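Source file: structure.cif. Holds: mmCIF, C-alpha atoms and all ligand atoms.
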```
data_my_file
#
loop_
_atom_site.label_atom_id
_atom_site.label_comp_id
_atom_site.auth_asym_id
_atom_site.auth_seq_id
_atom_site.Cartn_x
_atom_site.Cartn_y
_atom_site.Cartn_z
CA MET Y 100 77.20 62.85 94.23
CA ASN Y 101 80.13 61.26 92.44
CA LEU Y 102 82.94 63.66 91.61
CA THR Y 103 86.29 63.80 89.84
CA LEU Y 104 88.89 65.85 91.70
CA LYS Y 105 92.01 67.22 90.04
CA ILE Y 106 94.27 68.22 92.90
CA TRP Y 107 97.68 69.90 93.01
CA ARG Y 108 100.14 67.53 94.68
CA GLN Y 109 103.56 68.84 95.68
CA LYS Y 110 105.75 66.96 98.14
CA SER Y 111 107.73 69.99 99.36
CA ALA Y 112 108.65 73.56 98.48
CA LYS Y 113 111.38 72.23 96.17
CA ASP Y 114 109.21 69.66 94.36
CA LYS Y 115 107.87 70.75 90.94
CA GLY Y 116 104.31 69.59 91.69
CA ARG Y 117 101.55 68.30 89.36
CA MET Y 118 97.80 67.83 89.13
CA VAL Y 119 96.61 64.36 90.17
CA GLU Y 120 93.13 62.95 89.47
CA TYR Y 121 91.00 61.28 92.17
CA LYS Y 122 87.43 59.98 92.25
CA VAL Y 123 85.14 60.38 95.25
CA THR Y 124 81.73 58.78 95.55
CA GLU Y 125 78.59 59.20 97.68
CA ILE Y 126 79.34 62.81 98.61
CA SER Y 127 76.35 64.43 100.31
CA GLU Y 128 75.29 67.89 99.16
CA HIS Y 129 75.11 68.83 102.87
CA MET Y 130 78.82 68.24 103.41
CA SER Y 131 81.23 71.14 103.55
CA PHE Y 132 84.04 71.22 101.02
CA LEU Y 133 86.54 70.28 103.73
CA GLU Y 134 84.39 67.32 104.80
CA MET Y 135 84.52 66.15 101.19
CA MET Y 136 88.32 66.49 101.35
CA ASP Y 137 88.25 64.44 104.59
CA VAL Y 138 86.40 61.65 102.73
CA LEU Y 139 89.07 61.68 100.04
CA ASN Y 140 91.89 61.58 102.60
CA GLU Y 141 90.29 58.69 104.48
CA GLN Y 142 90.10 56.84 101.17
CA LEU Y 143 93.78 57.59 100.44
CA ILE Y 144 94.92 56.55 103.94
CA ASN Y 145 92.96 53.26 103.67
CA LYS Y 146 94.78 52.53 100.41
CA GLY Y 147 98.16 53.34 102.02
CA ASP Y 148 98.56 56.54 99.95
CA GLU Y 149 99.68 59.93 101.22
CA PRO Y 150 96.67 62.12 102.17
CA VAL Y 151 96.32 65.57 100.60
CA ALA Y 152 97.79 68.24 102.90
CA PHE Y 153 95.52 71.26 103.41
CA ASP Y 154 95.25 73.93 106.09
CA HIS Y 155 92.23 74.29 108.36
CA ASP Y 156 91.51 75.12 111.97
CA CYS Y 157 88.19 76.66 113.02
CA ARG Y 158 86.07 75.33 110.13
CA GLU Y 159 83.63 78.19 110.71
CA GLY Y 160 85.03 81.09 108.70
CA ILE Y 161 87.08 82.70 111.46
CA CYS Y 162 90.73 81.65 111.30
CA GLY Y 163 91.43 82.18 107.59
CA MET Y 164 93.49 79.00 107.28
CA CYS Y 165 91.50 77.07 104.66
CA SER Y 166 93.04 78.74 101.64
CA MET Y 167 92.26 76.81 98.47
CA TYR Y 168 91.78 77.78 94.86
CA ILE Y 169 88.70 75.89 93.64
CA ASN Y 170 87.76 75.89 89.96
CA GLY Y 171 89.84 79.03 89.46
CA GLU Y 172 88.43 81.01 92.39
CA ALA Y 173 89.81 81.64 95.85
CA HIS Y 174 87.48 79.81 98.31
CA GLY Y 175 85.45 78.45 95.39
CA PRO Y 176 82.29 79.49 93.55
CA ASP Y 177 80.16 80.83 96.44
CA ARG Y 178 80.36 84.47 97.62
CA GLY Y 179 81.14 85.74 101.13
CA VAL Y 180 82.31 82.35 102.42
CA THR Y 181 85.59 80.61 103.16
CA THR Y 182 86.38 77.12 101.83
CA CYS Y 183 85.27 75.57 105.14
CA GLN Y 184 81.86 77.27 104.75
CA LEU Y 185 81.48 76.20 101.12
CA HIS Y 186 78.84 73.49 100.72
CA MET Y 187 78.90 70.64 98.24
CA ARG Y 188 75.43 71.71 97.07
CA MET Y 189 77.30 74.30 94.98
CA PHE Y 190 78.44 71.40 92.76
CA LYS Y 191 76.60 68.83 90.63
CA ASP Y 192 76.85 65.06 90.37
CA GLY Y 193 79.52 64.19 87.80
CA ASP Y 194 81.40 67.50 88.15
CA THR Y 195 85.17 67.75 87.81
CA ILE Y 196 86.62 70.07 90.45
CA PHE Y 197 90.09 71.63 90.14
CA ILE Y 198 91.75 72.26 93.52
CA GLU Y 199 94.99 74.22 93.80
CA PRO Y 200 96.91 76.15 96.46
CA PHE Y 201 96.83 79.96 96.59
CA ARG Y 202 99.52 81.03 94.15
CA ALA Y 203 101.72 84.07 94.83
CA LYS Y 204 105.48 84.57 95.06
CA ALA Y 205 105.08 85.81 98.64
CA PHE Y 206 103.05 82.67 99.58
CA PRO Y 207 105.40 79.76 98.74
CA VAL Y 208 103.85 76.28 98.69
CA ILE Y 209 104.90 74.15 101.69
CA LYS Y 210 103.09 70.98 100.65
CA ASP Y 211 100.13 70.20 98.34
CA LEU Y 212 97.53 72.89 99.16
CA VAL Y 213 99.38 74.40 102.15
CA VAL Y 214 101.14 77.71 101.56
CA ASN Y 215 103.32 79.79 103.87
CA ARG Y 216 101.47 83.02 104.69
CA GLY Y 217 104.14 84.17 107.14
CA ALA Y 218 104.47 87.34 105.04
CA PHE Y 219 101.10 88.48 106.46
CA GLU Y 220 102.36 87.89 110.02
CA ARG Y 221 105.45 90.00 109.35
CA ILE Y 222 103.32 92.84 107.92
CA GLN Y 223 101.17 92.70 111.07
CA GLN Y 224 104.27 92.75 113.28
CA ALA Y 225 105.50 95.85 111.43
CA GLY Y 226 102.58 97.96 112.66
CA GLY Y 227 99.34 96.10 113.32
CA TYR Y 228 99.11 96.99 117.01
CA ILE Y 229 98.40 99.90 119.38
CA SER Y 230 100.08 101.00 122.62
CA VAL Y 231 97.81 100.81 125.64
CA ASN Y 232 98.55 102.19 129.09
CA THR Y 233 98.48 99.17 131.40
CA SER Y 234 100.06 100.88 134.41
CA GLY Y 235 96.92 100.59 136.53
CA ASN Y 236 95.12 103.76 135.47
CA THR Y 237 93.89 102.40 132.17
CA GLN Y 238 90.95 104.34 130.86
CA ASP Y 239 87.66 102.51 130.51
CA ALA Y 240 86.98 101.87 126.81
CA ASN Y 241 83.57 103.53 127.05
CA ALA Y 242 85.18 106.79 128.19
CA THR Y 243 86.47 107.46 124.67
CA SER Y 244 83.64 108.56 122.43
CA ILE Y 245 83.74 107.30 118.85
CA SER Y 246 81.19 108.12 116.18
CA LYS Y 247 78.91 105.27 115.13
CA GLU Y 248 80.09 105.62 111.51
CA ALA Y 249 83.79 105.35 112.47
CA ALA Y 250 83.12 102.42 114.82
CA ASP Y 251 81.17 100.57 112.12
CA LYS Y 252 83.83 101.13 109.46
CA ALA Y 253 86.63 100.11 111.84
CA MET Y 254 84.69 96.96 112.75
CA ASP Y 255 84.11 96.15 109.06
CA ALA Y 256 87.86 96.48 108.40
CA ALA Y 257 88.66 94.36 111.46
CA THR Y 258 86.67 91.43 110.08
CA CYS Y 259 89.58 90.63 107.73
CA ILE Y 260 90.72 87.13 108.69
CA GLY Y 261 94.07 87.26 106.87
CA CYS Y 262 93.16 84.38 104.56
CA GLY Y 263 95.06 85.75 101.56
CA ALA Y 264 92.25 85.28 99.01
CA CYS Y 265 92.77 88.90 97.94
CA VAL Y 266 96.39 88.15 97.04
CA ALA Y 267 95.54 84.88 95.30
CA SER Y 268 92.79 86.55 93.21
CA CYS Y 269 94.90 89.52 92.14
CA LYS Y 270 96.74 89.33 88.81
CA ASN Y 271 99.57 91.29 90.48
CA SER Y 272 99.49 89.27 93.75
CA SER Y 273 98.87 92.53 95.57
CA ALA Y 274 98.23 92.53 99.32
CA MET Y 275 96.72 96.02 99.32
CA LEU Y 276 93.24 94.89 100.47
CA PHE Y 277 94.66 93.02 103.45
CA VAL Y 278 97.05 95.83 104.44
CA GLY Y 279 94.37 98.43 103.75
CA ALA Y 280 92.02 96.64 106.16
CA LYS Y 281 94.70 96.34 108.86
CA VAL Y 282 95.67 100.02 108.55
CA SER Y 283 92.03 101.18 108.43
CA GLN Y 284 90.87 99.38 111.56
CA TYR Y 285 93.26 101.57 113.60
CA ALA Y 286 93.24 104.72 111.45
CA LEU Y 287 89.51 105.17 112.13
CA LEU Y 288 89.81 104.97 115.91
CA PRO Y 289 91.35 107.44 118.41
CA GLN Y 290 93.31 104.55 119.98
CA GLY Y 291 95.13 104.07 116.66
CA GLN Y 292 96.40 107.63 116.34
CA VAL Y 293 99.55 107.37 118.51
CA GLU Y 294 101.43 105.12 116.05
CA ALA Y 295 99.45 106.15 112.95
CA THR Y 296 102.35 107.68 111.00
CA ASP Y 297 104.85 104.87 111.63
CA ARG Y 298 102.19 102.18 111.24
CA VAL Y 299 101.26 102.85 107.63
CA LEU Y 300 104.86 103.55 106.55
CA ASN Y 301 106.19 100.38 108.21
CA MET Y 302 103.39 98.09 107.07
CA VAL Y 303 103.63 99.26 103.46
CA ALA Y 304 107.46 98.95 103.54
CA GLN Y 305 107.11 95.36 104.83
CA MET Y 306 104.46 94.57 102.21
CA ASP Y 307 106.88 95.71 99.48
CA ALA Y 308 109.80 93.81 101.05
CA GLU Y 309 107.75 90.59 101.03
CA GLY Y 310 107.40 90.77 97.23
CA PHE Y 311 103.66 91.49 96.86
CA GLY Y 312 102.71 93.29 93.64
CA ASN Y 313 101.10 96.68 93.18
CA CYS Y 314 97.40 97.46 93.01
CA THR Y 315 96.06 98.31 89.55
CA ASN Y 316 92.43 98.79 90.67
CA THR Y 317 91.09 95.62 89.07
CA GLY Y 318 88.88 94.89 92.08
CA ALA Y 319 89.13 91.07 91.97
CA CYS Y 320 90.24 91.11 95.63
CA GLU Y 321 86.99 92.71 96.80
CA VAL Y 322 84.89 90.24 94.78
CA GLU Y 323 86.67 87.16 96.17
CA CYS Y 324 87.15 88.37 99.76
CA PRO Y 325 85.06 86.10 102.03
CA LYS Y 326 84.54 88.96 104.49
CA GLY Y 327 83.42 91.62 102.01
CA ILE Y 328 86.35 93.93 102.77
CA SER Y 329 85.77 97.04 100.66
CA LEU Y 330 88.21 98.71 98.24
CA GLU Y 331 87.48 101.85 100.29
CA ASN Y 332 90.13 100.52 102.70
CA ILE Y 333 92.81 100.66 100.00
CA ALA Y 334 91.88 104.28 99.26
CA ARG Y 335 92.08 105.07 103.01
CA MET Y 336 95.50 103.42 103.27
CA ASN Y 337 96.74 105.46 100.29
CA ARG Y 338 95.54 108.67 101.98
CA GLU Y 339 97.14 107.65 105.28
CA TYR Y 340 100.38 106.80 103.45
CA LEU Y 341 100.50 110.14 101.64
CA SER Y 342 99.87 112.14 104.78
CA ALA Y 343 102.42 110.05 106.78
CA SER Y 344 105.05 110.53 104.04
CA LEU Y 345 104.59 114.29 104.18
CA LYS Y 346 104.97 114.28 107.99
CA SER Y 347 108.02 112.03 108.19
S1 LIG Y 401 91.05 91.31 102.85
FE1 LIG Y 401 89.56 89.61 102.63
S2 LIG Y 401 90.57 88.21 101.21
FE2 LIG Y 401 92.17 89.56 101.99
S3 LIG Y 401 93.04 88.52 103.76
FE3 LIG Y 401 91.40 89.86 104.54
S4 LIG Y 401 89.59 88.53 104.59
FE4 LIG Y 401 91.05 87.48 103.28
S1 LIG Y 402 89.11 76.67 108.68
FE1 LIG Y 402 89.04 78.62 109.70
S2 LIG Y 402 88.25 79.96 108.18
FE2 LIG Y 402 88.17 78.00 107.24
#
```

Written as structure tokens, how would this file's structure read?
Amino acid sequence: MNLTLKIWRQKSAKDKGRMVEYKVTEISEHMSFLEMMDVLNEQLINKGDEPVAFDHDCREGICGMCSMYINGEAHGPDRGVTTCQLHMRMFKDGDTIFIEPFRAKAFPVIKDLVVNRGAFERIQQAGGYISVNTSGNTQDANATSISKEAADKAMDAATCIGCGACVASCKNSSAMLFVGAKVSQYALLPQGQVEATDRVLNMVAQMDAEGFGNCTNTGACEVECPKGISLENIARMNREYLSASLKS
């Protein structure tokens, strides 16, 4: 495949940034999208040009680093996959592909396609943890019975990889799907009950302080989420928040 790439280039957070056109040739349909980007960067390095900066780590859909906006969609045109799992067979010979960073006030661009998602880390620090007795008489995990339904729903929520596609896809740059997943994974389990009240209040307060927008139930986040995190988690977070507000 021969492709035209229109890529957002931005030297630093202060640079204005612009779209730059590149051509890549002999791209195999079996390559991943990031492998195609590697081909481009090799080409740029060989010419003495600056390679395109983009985030990646695991390249198998686990770490959530490979945040790119491809042809107007977070993680590109496929469903249920991250950019690193996106295959070039989703594109046709001769296509023009637009590649941009995730755009949200709370995710400032660092360079080219790399954004700072530290806001998610700070929301996690505000309440995304549980207290466990490690004094030597720690209870065996199997000793606490949990219904299959609650365990399954908690596990589904815990599959959120913190990629930020939900924020990037939302017209309000809302982080409610991410925070809803992080609150839900503990709210559904007995181990999460000790800090439950403070957790939801603190995580939501941090989310607001970071400058994320409000949820207006558009649902774009659920559609673009590579892990299929359900809107049900936002509803659960809202219930948890209301009940915590009444208690505090
Ligand atoms: S909810 Fe989905 S889209 Fe949002 S950060 Fe988690 S995995 Fe990514
Ligand atoms: S590089 Fe880890 S999810 Fe894509």

Identify, on the basis of only C-alpha atoms, every residue whose closest approach to range 275-277 of chain Y does not exceed 12 Å; exclude the query and any residue fewer than 5 positions from it along the same chain; express the result as a CSV table (one decimal) with C-alpha atoms, in the frame of the given file.
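Saved file selection_39.csv follows:
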```csv
chain,number,residue,atom,x,y,z
Y,218,ALA,CA,104.5,87.3,105.0
Y,219,PHE,CA,101.1,88.5,106.5
Y,220,GLU,CA,102.4,87.9,110.0
Y,222,ILE,CA,103.3,92.8,107.9
Y,223,GLN,CA,101.2,92.7,111.1
Y,227,GLY,CA,99.3,96.1,113.3
Y,256,ALA,CA,87.9,96.5,108.4
Y,257,ALA,CA,88.7,94.4,111.5
Y,258,THR,CA,86.7,91.4,110.1
Y,259,CYS,CA,89.6,90.6,107.7
Y,260,ILE,CA,90.7,87.1,108.7
Y,261,GLY,CA,94.1,87.3,106.9
Y,262,CYS,CA,93.2,84.4,104.6
Y,263,GLY,CA,95.1,85.8,101.6
Y,264,ALA,CA,92.2,85.3,99.0
Y,265,CYS,CA,92.8,88.9,97.9
Y,266,VAL,CA,96.4,88.2,97.0
Y,267,ALA,CA,95.5,84.9,95.3
Y,268,SER,CA,92.8,86.6,93.2
Y,269,CYS,CA,94.9,89.5,92.1
Y,282,VAL,CA,95.7,100.0,108.6
Y,283,SER,CA,92.0,101.2,108.4
Y,284,GLN,CA,90.9,99.4,111.6
Y,299,VAL,CA,101.3,102.8,107.6
Y,302,MET,CA,103.4,98.1,107.1
Y,303,VAL,CA,103.6,99.3,103.5
Y,304,ALA,CA,107.5,99.0,103.5
Y,305,GLN,CA,107.1,95.4,104.8
Y,306,MET,CA,104.5,94.6,102.2
Y,307,ASP,CA,106.9,95.7,99.5
Y,311,PHE,CA,103.7,91.5,96.9
Y,312,GLY,CA,102.7,93.3,93.6
Y,313,ASN,CA,101.1,96.7,93.2
Y,314,CYS,CA,97.4,97.5,93.0
Y,315,THR,CA,96.1,98.3,89.6
Y,316,ASN,CA,92.4,98.8,90.7
Y,317,THR,CA,91.1,95.6,89.1
Y,318,GLY,CA,88.9,94.9,92.1
Y,319,ALA,CA,89.1,91.1,92.0
Y,320,CYS,CA,90.2,91.1,95.6
Y,321,GLU,CA,87.0,92.7,96.8
Y,322,VAL,CA,84.9,90.2,94.8
Y,323,GLU,CA,86.7,87.2,96.2
Y,324,CYS,CA,87.2,88.4,99.8
Y,325,PRO,CA,85.1,86.1,102.0
Y,326,LYS,CA,84.5,89.0,104.5
Y,327,GLY,CA,83.4,91.6,102.0
Y,328,ILE,CA,86.4,93.9,102.8
Y,329,SER,CA,85.8,97.0,100.7
Y,330,LEU,CA,88.2,98.7,98.2
Y,331,GLU,CA,87.5,101.8,100.3
Y,332,ASN,CA,90.1,100.5,102.7
Y,333,ILE,CA,92.8,100.7,100.0
Y,334,ALA,CA,91.9,104.3,99.3
Y,335,ARG,CA,92.1,105.1,103.0
Y,336,MET,CA,95.5,103.4,103.3
Y,337,ASN,CA,96.7,105.5,100.3
```

Enumerate as a PyMOL selection string the residues within 7 Å of ligand LIG 402 (chain Y), counting all atoms listed in the file. chain Y and resi 155-165+181-184

Within 12 Å of range 111-118 of chain Y using only C-alpha atoms, minus same-chain residues under 4 positions, as a PyMOL selection string: chain Y and resi 104-107+151-152+196-200+204+206-215

Expressed in Å to a single decimal, how great is the separation between CA of Val123 in chain Y and CA of Pro176 in chain Y?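 Taking CA of Val123 in chain Y as the start and CA of Pro176 in chain Y as the end point, the length is 19.4 Å.
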
With 5 Å of padding per side, what axis-aligned box (centre and edge lengths, Å, one decimal) covers all the listed atoms of range 214-225 of chain Y? Give it as lines of an AutoDock Vina configuration file.
```
center_x = 103.3
center_y = 86.8
center_z = 107.4
size_x = 14.4
size_y = 28.1
size_z = 21.7
```

Nearest-residue call for ligand LIG 401 (chain Y), choices Y:Phe201, Y:Phe190, Y:Tyr121, Y:Tyr340, using all atoms listed in the file: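 The closest residue to ligand LIG 401 (chain Y) is Y:Phe201.
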
Measure the distance from CA of Asp177 in chain Y to CA of Phe132 in chain Y in Å and round it to one decimal.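 Distance reported for this atom pair: 11.3 Å.
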
Kindly indicate which residue among Y:Thr103, Y:Thr243, Y:Asn170, Y:Ser272 lies nearest to ligand LIG 401 (chain Y), using all atoms listed in the file for the distances.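 Ranked by minimum distance to ligand LIG 401 (chain Y), first place goes to Y:Ser272.
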
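Going from CA of Gln109 in chain Y over to CA of Asn140 in chain Y, you cover 15.4 Å.
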
Pick from Y:Asp148, Y:Asp297, Y:Glu172, Y:Glu120, whichever lies nearest to ligand LIG 401 (chain Y) using only C-alpha atoms and all ligand atoms: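 Closest candidate: Y:Glu172.
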
Residue nearest Ile169 in chain Y among Y:Gly193, Y:Lys146, Y:Arg202, Y:Ala343 (counting all atoms listed in the file):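 The shortest atom-to-atom distance to Ile169 in chain Y comes from Y:Arg202.
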
Nearest to ligand LIG 401 (chain Y), restricted to only C-alpha atoms and all ligand atoms and choosing among Y:Ser273, Y:Asn232, Y:Asn301, Y:Gln142, comes out as Y:Ser273

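Take the candidates Y:Val278, Y:Ala203, Y:Leu102, Y:Met189 and check each one against ligand LIG 401 (chain Y) using all atoms listed in the file; the shortest distance goes to Y:Val278.
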
Lys191 in chain Y environment, 10 Å, only C-alpha atoms, sequence neighbours closer than 6 positions dropped, as a CSV table (one decimal) with C-alpha atoms, in the coordinates of the input:
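Generated file (selection10.csv):
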```
chain,number,residue,atom,x,y,z
Y,100,MET,CA,77.2,62.8,94.2
Y,101,ASN,CA,80.1,61.3,92.4
Y,102,LEU,CA,82.9,63.7,91.6
Y,128,GLU,CA,75.3,67.9,99.2
```
